[in-house]
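my_file38.cif, holding mmCIF, N, CA and C atoms, pLDDT in the B column; chains and numbers go by the auth columns:
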```cif
data_structure
#
loop_
_atom_site.group_PDB
_atom_site.id
_atom_site.type_symbol
_atom_site.label_atom_id
_atom_site.label_comp_id
_atom_site.label_asym_id
_atom_site.label_seq_id
_atom_site.Cartn_x
_atom_site.Cartn_y
_atom_site.Cartn_z
_atom_site.B_iso_or_equiv
_atom_site.auth_seq_id
_atom_site.auth_asym_id
ATOM 1 N N MET A 1 -16.581 -9.299 -0.802 88.00 1 N
ATOM 2 C CA MET A 1 -15.924 -8.114 -1.332 88.00 1 N
ATOM 3 C C MET A 1 -15.269 -7.307 -0.215 88.00 1 N
ATOM 4 N N LYS A 2 -15.957 -7.207 0.927 87.00 2 N
ATOM 5 C CA LYS A 2 -15.407 -6.434 2.037 87.00 2 N
ATOM 6 C C LYS A 2 -14.130 -7.065 2.581 87.00 2 N
ATOM 7 N N ILE A 3 -14.095 -8.387 2.602 92.00 3 N
ATOM 8 C CA ILE A 3 -12.900 -9.071 3.111 92.00 3 N
ATOM 9 C C ILE A 3 -11.714 -8.822 2.189 92.00 3 N
ATOM 10 N N ILE A 4 -11.937 -8.844 0.906 93.00 4 N
ATOM 11 C CA ILE A 4 -10.867 -8.573 -0.062 93.00 4 N
ATOM 12 C C ILE A 4 -10.344 -7.151 0.114 93.00 4 N
ATOM 13 N N LEU A 5 -11.253 -6.204 0.308 91.00 5 N
ATOM 14 C CA LEU A 5 -10.841 -4.817 0.524 91.00 5 N
ATOM 15 C C LEU A 5 -10.022 -4.670 1.798 91.00 5 N
ATOM 16 N N LEU A 6 -10.433 -5.347 2.860 92.00 6 N
ATOM 17 C CA LEU A 6 -9.664 -5.280 4.108 92.00 6 N
ATOM 18 C C LEU A 6 -8.276 -5.895 3.950 92.00 6 N
ATOM 19 N N ILE A 7 -8.175 -6.964 3.188 94.00 7 N
ATOM 20 C CA ILE A 7 -6.869 -7.582 2.936 94.00 7 N
ATOM 21 C C ILE A 7 -5.978 -6.633 2.141 94.00 7 N
ATOM 22 N N ILE A 8 -6.534 -5.977 1.136 93.00 8 N
ATOM 23 C CA ILE A 8 -5.757 -5.027 0.340 93.00 8 N
ATOM 24 C C ILE A 8 -5.307 -3.852 1.196 93.00 8 N
ATOM 25 N N ILE A 9 -6.173 -3.373 2.078 93.00 9 N
ATOM 26 C CA ILE A 9 -5.796 -2.287 2.977 93.00 9 N
ATOM 27 C C ILE A 9 -4.655 -2.722 3.893 93.00 9 N
ATOM 28 N N ALA A 10 -4.736 -3.927 4.428 94.00 10 N
ATOM 29 C CA ALA A 10 -3.678 -4.433 5.304 94.00 10 N
ATOM 30 C C ALA A 10 -2.350 -4.570 4.557 94.00 10 N
ATOM 31 N N ILE A 11 -2.393 -5.051 3.337 93.00 11 N
ATOM 32 C CA ILE A 11 -1.176 -5.173 2.534 93.00 11 N
ATOM 33 C C ILE A 11 -0.601 -3.797 2.213 93.00 11 N
ATOM 34 N N SER A 12 -1.462 -2.828 1.949 93.00 12 N
ATOM 35 C CA SER A 12 -1.011 -1.470 1.648 93.00 12 N
ATOM 36 C C SER A 12 -0.326 -0.836 2.847 93.00 12 N
ATOM 37 N N VAL A 13 -0.900 -1.014 4.020 93.00 13 N
ATOM 38 C CA VAL A 13 -0.290 -0.455 5.233 93.00 13 N
ATOM 39 C C VAL A 13 1.058 -1.117 5.496 93.00 13 N
ATOM 40 N N THR A 14 1.136 -2.413 5.293 92.00 14 N
ATOM 41 C CA THR A 14 2.404 -3.119 5.462 92.00 14 N
ATOM 42 C C THR A 14 3.435 -2.638 4.450 92.00 14 N
ATOM 43 N N ALA A 15 3.012 -2.388 3.223 89.00 15 N
ATOM 44 C CA ALA A 15 3.933 -1.892 2.195 89.00 15 N
ATOM 45 C C ALA A 15 4.438 -0.501 2.543 89.00 15 N
ATOM 46 N N ILE A 16 3.574 0.342 3.100 91.00 16 N
ATOM 47 C CA ILE A 16 4.001 1.678 3.511 91.00 16 N
ATOM 48 C C ILE A 16 5.038 1.572 4.632 91.00 16 N
ATOM 49 N N TYR A 17 4.776 0.714 5.593 93.00 17 N
ATOM 50 C CA TYR A 17 5.673 0.557 6.739 93.00 17 N
ATOM 51 C C TYR A 17 7.019 -0.050 6.338 93.00 17 N
ATOM 52 N N ASP A 18 7.026 -1.032 5.475 89.00 18 N
ATOM 53 C CA ASP A 18 8.246 -1.754 5.101 89.00 18 N
ATOM 54 C C ASP A 18 8.761 -1.364 3.718 89.00 18 N
ATOM 55 N N ALA A 19 8.509 -0.163 3.273 86.00 19 N
ATOM 56 C CA ALA A 19 8.877 0.244 1.911 86.00 19 N
ATOM 57 C C ALA A 19 10.380 0.147 1.676 86.00 19 N
ATOM 58 N N ARG A 20 11.172 0.551 2.636 86.00 20 N
ATOM 59 C CA ARG A 20 12.620 0.489 2.464 86.00 20 N
ATOM 60 C C ARG A 20 13.129 -0.940 2.366 86.00 20 N
ATOM 61 N N LYS A 21 12.591 -1.812 3.193 87.00 21 N
ATOM 62 C CA LYS A 21 13.003 -3.221 3.152 87.00 21 N
ATOM 63 C C LYS A 21 12.599 -3.867 1.832 87.00 21 N
ATOM 64 N N ILE A 22 11.404 -3.547 1.356 83.00 22 N
ATOM 65 C CA ILE A 22 10.946 -4.082 0.068 83.00 22 N
ATOM 66 C C ILE A 22 11.835 -3.562 -1.053 83.00 22 N
ATOM 67 N N GLY A 23 12.175 -2.294 -1.009 82.00 23 N
ATOM 68 C CA GLY A 23 13.041 -1.708 -2.029 82.00 23 N
ATOM 69 C C GLY A 23 14.432 -2.308 -2.033 82.00 23 N
ATOM 70 N N GLU A 24 14.976 -2.591 -0.859 82.00 24 N
ATOM 71 C CA GLU A 24 16.305 -3.198 -0.780 82.00 24 N
ATOM 72 C C GLU A 24 16.313 -4.609 -1.356 82.00 24 N
ATOM 73 N N ASN A 25 15.230 -5.335 -1.158 82.00 25 N
ATOM 74 C CA ASN A 25 15.182 -6.726 -1.624 82.00 25 N
ATOM 75 C C ASN A 25 15.027 -6.853 -3.132 82.00 25 N
ATOM 76 N N PHE A 26 14.302 -5.929 -3.765 79.00 26 N
ATOM 77 C CA PHE A 26 13.965 -6.102 -5.169 79.00 26 N
ATOM 78 C C PHE A 26 14.673 -5.146 -6.127 79.00 26 N
ATOM 79 N N PHE A 27 15.302 -4.083 -5.615 76.00 27 N
ATOM 80 C CA PHE A 27 15.912 -3.096 -6.497 76.00 27 N
ATOM 81 C C PHE A 27 17.334 -2.791 -6.045 76.00 27 N
ATOM 82 N N SER A 28 18.096 -2.138 -6.914 74.00 28 N
ATOM 83 C CA SER A 28 19.482 -1.813 -6.580 74.00 28 N
ATOM 84 C C SER A 28 19.525 -0.740 -5.488 74.00 28 N
ATOM 85 N N SER A 29 20.636 -0.665 -4.805 73.00 29 N
ATOM 86 C CA SER A 29 20.750 0.263 -3.683 73.00 29 N
ATOM 87 C C SER A 29 20.803 1.723 -4.148 73.00 29 N
ATOM 88 N N ALA A 30 21.157 1.960 -5.397 73.00 30 N
ATOM 89 C CA ALA A 30 21.223 3.332 -5.902 73.00 30 N
ATOM 90 C C ALA A 30 19.838 3.957 -5.997 73.00 30 N
ATOM 91 N N ASP A 31 18.836 3.154 -6.278 77.00 31 N
ATOM 92 C CA ASP A 31 17.478 3.659 -6.437 77.00 31 N
ATOM 93 C C ASP A 31 16.623 3.453 -5.183 77.00 31 N
ATOM 94 N N LYS A 32 17.255 3.151 -4.068 80.00 32 N
ATOM 95 C CA LYS A 32 16.522 2.776 -2.861 80.00 32 N
ATOM 96 C C LYS A 32 15.563 3.870 -2.388 80.00 32 N
ATOM 97 N N ASN A 33 15.990 5.107 -2.371 83.00 33 N
ATOM 98 C CA ASN A 33 15.136 6.193 -1.890 83.00 33 N
ATOM 99 C C ASN A 33 13.961 6.458 -2.825 83.00 33 N
ATOM 100 N N LYS A 34 14.227 6.447 -4.120 86.00 34 N
ATOM 101 C CA LYS A 34 13.149 6.677 -5.086 86.00 34 N
ATOM 102 C C LYS A 34 12.124 5.556 -5.034 86.00 34 N
ATOM 103 N N VAL A 35 12.598 4.336 -4.938 85.00 35 N
ATOM 104 C CA VAL A 35 11.702 3.187 -4.896 85.00 35 N
ATOM 105 C C VAL A 35 10.884 3.191 -3.613 85.00 35 N
ATOM 106 N N ALA A 36 11.502 3.517 -2.488 87.00 36 N
ATOM 107 C CA ALA A 36 10.779 3.564 -1.219 87.00 36 N
ATOM 108 C C ALA A 36 9.686 4.625 -1.262 87.00 36 N
ATOM 109 N N LYS A 37 9.999 5.767 -1.831 90.00 37 N
ATOM 110 C CA LYS A 37 9.000 6.833 -1.955 90.00 37 N
ATOM 111 C C LYS A 37 7.853 6.402 -2.865 90.00 37 N
ATOM 112 N N PHE A 38 8.174 5.760 -3.974 89.00 38 N
ATOM 113 C CA PHE A 38 7.173 5.281 -4.920 89.00 38 N
ATOM 114 C C PHE A 38 6.261 4.241 -4.271 89.00 38 N
ATOM 115 N N ILE A 39 6.839 3.297 -3.527 88.00 39 N
ATOM 116 C CA ILE A 39 6.058 2.265 -2.855 88.00 39 N
ATOM 117 C C ILE A 39 5.127 2.895 -1.820 88.00 39 N
ATOM 118 N N LYS A 40 5.619 3.882 -1.085 92.00 40 N
ATOM 119 C CA LYS A 40 4.790 4.544 -0.083 92.00 40 N
ATOM 120 C C LYS A 40 3.623 5.293 -0.723 92.00 40 N
ATOM 121 N N VAL A 41 3.877 5.971 -1.826 94.00 41 N
ATOM 122 C CA VAL A 41 2.813 6.721 -2.499 94.00 41 N
ATOM 123 C C VAL A 41 1.761 5.770 -3.063 94.00 41 N
ATOM 124 N N ILE A 42 2.197 4.714 -3.730 93.00 42 N
ATOM 125 C CA ILE A 42 1.262 3.740 -4.291 93.00 42 N
ATOM 126 C C ILE A 42 0.462 3.060 -3.178 93.00 42 N
ATOM 127 N N GLY A 43 1.126 2.700 -2.088 92.00 43 N
ATOM 128 C CA GLY A 43 0.431 2.085 -0.961 92.00 43 N
ATOM 129 C C GLY A 43 -0.596 3.008 -0.342 92.00 43 N
ATOM 130 N N LEU A 44 -0.258 4.287 -0.210 94.00 44 N
ATOM 131 C CA LEU A 44 -1.191 5.258 0.353 94.00 44 N
ATOM 132 C C LEU A 44 -2.406 5.449 -0.540 94.00 44 N
ATOM 133 N N ILE A 45 -2.176 5.592 -1.830 95.00 45 N
ATOM 134 C CA ILE A 45 -3.281 5.773 -2.772 95.00 45 N
ATOM 135 C C ILE A 45 -4.190 4.548 -2.770 95.00 45 N
ATOM 136 N N LEU A 46 -3.602 3.370 -2.810 95.00 46 N
ATOM 137 C CA LEU A 46 -4.384 2.129 -2.804 95.00 46 N
ATOM 138 C C LEU A 46 -5.176 1.986 -1.507 95.00 46 N
ATOM 139 N N CYS A 47 -4.568 2.353 -0.397 94.00 47 N
ATOM 140 C CA CYS A 47 -5.235 2.267 0.896 94.00 47 N
ATOM 141 C C CYS A 47 -6.421 3.232 0.966 94.00 47 N
ATOM 142 N N ILE A 48 -6.250 4.434 0.476 95.00 48 N
ATOM 143 C CA ILE A 48 -7.333 5.416 0.494 95.00 48 N
ATOM 144 C C ILE A 48 -8.483 4.973 -0.399 95.00 48 N
ATOM 145 N N ILE A 49 -8.174 4.516 -1.593 95.00 49 N
ATOM 146 C CA ILE A 49 -9.228 4.077 -2.520 95.00 49 N
ATOM 147 C C ILE A 49 -10.001 2.903 -1.935 95.00 49 N
ATOM 148 N N CYS A 50 -9.302 1.918 -1.414 94.00 50 N
ATOM 149 C CA CYS A 50 -9.982 0.753 -0.842 94.00 50 N
ATOM 150 C C CYS A 50 -10.771 1.136 0.404 94.00 50 N
ATOM 151 N N GLY A 51 -10.260 2.058 1.196 93.00 51 N
ATOM 152 C CA GLY A 51 -10.984 2.512 2.374 93.00 51 N
ATOM 153 C C GLY A 51 -12.282 3.211 2.020 93.00 51 N
ATOM 154 N N VAL A 52 -12.244 4.045 0.994 94.00 52 N
ATOM 155 C CA VAL A 52 -13.461 4.730 0.548 94.00 52 N
ATOM 156 C C VAL A 52 -14.478 3.729 0.002 94.00 52 N
ATOM 157 N N VAL A 53 -14.018 2.798 -0.808 94.00 53 N
ATOM 158 C CA VAL A 53 -14.926 1.779 -1.351 94.00 53 N
ATOM 159 C C VAL A 53 -15.525 0.946 -0.221 94.00 53 N
ATOM 160 N N PHE A 54 -14.716 0.605 0.774 93.00 54 N
ATOM 161 C CA PHE A 54 -15.214 -0.163 1.917 93.00 54 N
ATOM 162 C C PHE A 54 -16.283 0.610 2.678 93.00 54 N
ATOM 163 N N CYS A 55 -16.053 1.904 2.898 94.00 55 N
ATOM 164 C CA CYS A 55 -17.047 2.730 3.599 94.00 55 N
ATOM 165 C C CYS A 55 -18.340 2.846 2.804 94.00 55 N
ATOM 166 N N VAL A 56 -18.235 2.977 1.486 93.00 56 N
ATOM 167 C CA VAL A 56 -19.429 3.062 0.650 93.00 56 N
ATOM 168 C C VAL A 56 -20.206 1.755 0.696 93.00 56 N
ATOM 169 N N LEU A 57 -19.507 0.637 0.643 92.00 57 N
ATOM 170 C CA LEU A 57 -20.175 -0.668 0.708 92.00 57 N
ATOM 171 C C LEU A 57 -20.811 -0.906 2.075 92.00 57 N
ATOM 172 N N SER A 58 -20.160 -0.432 3.126 90.00 58 N
ATOM 173 C CA SER A 58 -20.698 -0.616 4.475 90.00 58 N
ATOM 174 C C SER A 58 -21.942 0.230 4.712 90.00 58 N
ATOM 175 N N ALA A 59 -21.989 1.405 4.084 86.00 59 N
ATOM 176 C CA ALA A 59 -23.114 2.300 4.282 86.00 59 N
ATOM 177 C C ALA A 59 -24.354 1.817 3.526 86.00 59 N
ATOM 178 N N SER A 60 -24.148 1.040 2.498 72.00 60 N
ATOM 179 C CA SER A 60 -25.284 0.573 1.675 72.00 60 N
ATOM 180 C C SER A 60 -26.063 -0.514 2.347 72.00 60 N
#
```
Let me see the file written as structure tokens.
Amino acid sequence: MKIILLIIIAISVTAIYDARKIGENFFSSADKNKVAKFIKVIGLILCIICGVVFCVLSAS
């Protein structure tokens, strides 16, 4: 379970860093800023949730 959480955290950080590139590849250029912001927010939320779950599992 911990390994899966670490993989999800790594993917989330990568998504936050490359949000603009991901948005350019999958969506139209008109929505690029909105999509990049959305990807960053979702990545941040996912990273925080997985980080908290990982810390709780490690403390147990």
request  = Find the residues near stretch 53-56 of chain N: any atom within 8 Å, counting all atoms listed in the file, skip ones fewer than 2 places away on the same chain, and give them as a PyMOL selection string.
outcome  = chain N and resi 1-2+5-6+47-51+58-60
With N, CA and C atoms kept, could you save the residues just selected as an mmCIF file, keeping the file's coordinate frame?
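To be explicit, this is the file written out as result-v2.cif:
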```
data_model
loop_
_atom_site.group_PDB
_atom_site.id
_atom_site.type_symbol
_atom_site.label_atom_id
_atom_site.label_comp_id
_atom_site.auth_asym_id
_atom_site.auth_seq_id
_atom_site.Cartn_x
_atom_site.Cartn_y
_atom_site.Cartn_z
ATOM 1 N N MET N 1 -16.581 -9.299 -0.802
ATOM 2 C CA MET N 1 -15.924 -8.114 -1.332
ATOM 3 C C MET N 1 -15.269 -7.307 -0.215
ATOM 4 N N LYS N 2 -15.957 -7.207 0.927
ATOM 5 C CA LYS N 2 -15.407 -6.434 2.037
ATOM 6 C C LYS N 2 -14.130 -7.065 2.581
ATOM 7 N N LEU N 5 -11.253 -6.204 0.308
ATOM 8 C CA LEU N 5 -10.841 -4.817 0.524
ATOM 9 C C LEU N 5 -10.022 -4.670 1.798
ATOM 10 N N LEU N 6 -10.433 -5.347 2.860
ATOM 11 C CA LEU N 6 -9.664 -5.280 4.108
ATOM 12 C C LEU N 6 -8.276 -5.895 3.950
ATOM 13 N N CYS N 47 -4.568 2.353 -0.397
ATOM 14 C CA CYS N 47 -5.235 2.267 0.896
ATOM 15 C C CYS N 47 -6.421 3.232 0.966
ATOM 16 N N ILE N 48 -6.250 4.434 0.476
ATOM 17 C CA ILE N 48 -7.333 5.416 0.494
ATOM 18 C C ILE N 48 -8.483 4.973 -0.399
ATOM 19 N N ILE N 49 -8.174 4.516 -1.593
ATOM 20 C CA ILE N 49 -9.228 4.077 -2.520
ATOM 21 C C ILE N 49 -10.001 2.903 -1.935
ATOM 22 N N CYS N 50 -9.302 1.918 -1.414
ATOM 23 C CA CYS N 50 -9.982 0.753 -0.842
ATOM 24 C C CYS N 50 -10.771 1.136 0.404
ATOM 25 N N GLY N 51 -10.260 2.058 1.196
ATOM 26 C CA GLY N 51 -10.984 2.512 2.374
ATOM 27 C C GLY N 51 -12.282 3.211 2.020
ATOM 28 N N SER N 58 -20.160 -0.432 3.126
ATOM 29 C CA SER N 58 -20.698 -0.616 4.475
ATOM 30 C C SER N 58 -21.942 0.230 4.712
ATOM 31 N N ALA N 59 -21.989 1.405 4.084
ATOM 32 C CA ALA N 59 -23.114 2.300 4.282
ATOM 33 C C ALA N 59 -24.354 1.817 3.526
ATOM 34 N N SER N 60 -24.148 1.040 2.498
ATOM 35 C CA SER N 60 -25.284 0.573 1.675
ATOM 36 C C SER N 60 -26.063 -0.514 2.347
#
```
Q. Any idea what's packed within 6 Å of stretch 25-41 of chain N, counting all atoms listed in the file, ignoring anything in its chain fewer than 6 positions away? Could you give it as a VMD selection string?
A. chain N and resid 15 to 16 19
File of the preceding selection, N, CA and C atoms, as a PDB file, in the coordinates of the input:
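This is the output file selection11.pdb:
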```
ATOM      1  N   ALA N  15       3.012  -2.388   3.223  1.00 89.00           N
ATOM      2  CA  ALA N  15       3.933  -1.892   2.195  1.00 89.00           C
ATOM      3  C   ALA N  15       4.438  -0.501   2.543  1.00 89.00           C
ATOM      4  N   ILE N  16       3.574   0.342   3.100  1.00 91.00           N
ATOM      5  CA  ILE N  16       4.001   1.678   3.511  1.00 91.00           C
ATOM      6  C   ILE N  16       5.038   1.572   4.632  1.00 91.00           C
ATOM      7  N   ALA N  19       8.509  -0.163   3.273  1.00 86.00           N
ATOM      8  CA  ALA N  19       8.877   0.244   1.911  1.00 86.00           C
ATOM      9  C   ALA N  19      10.380   0.147   1.676  1.00 86.00           C
TER      10      ALA N  19
END
```
Check your understanding: For the atom pair atom CA of N:Ile42 and atom N of N:Lys21, what is the interatomic distance in Å to one decimal place?
Key ->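 Atom CA of N:Ile42 sits 14.7 Å away from atom N of N:Lys21.
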- Task: Please measure the separation of atom N of N:Leu44 and atom C of N:Ser12, giving the value in Å to one decimal.
- Result: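 Taking atom N of N:Leu44 as the start and atom C of N:Ser12 as the end point, the length is 6.0 Å.
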Pairwise distance, atom N of N:Tyr17 with atom CA of N:Leu57, equals 25.5 Å
Using all atoms of stretch 29-33 of chain N listed in the file and a margin of 8 Å per side, can you give the axis-aligned box centre and edge lengths in Å to one decimal, as JSON?
```
{"center_x": 17.6, "center_y": 2.9, "center_z": -4.2, "size_x": 23.3, "size_y": 23.1, "size_z": 20.5}
```
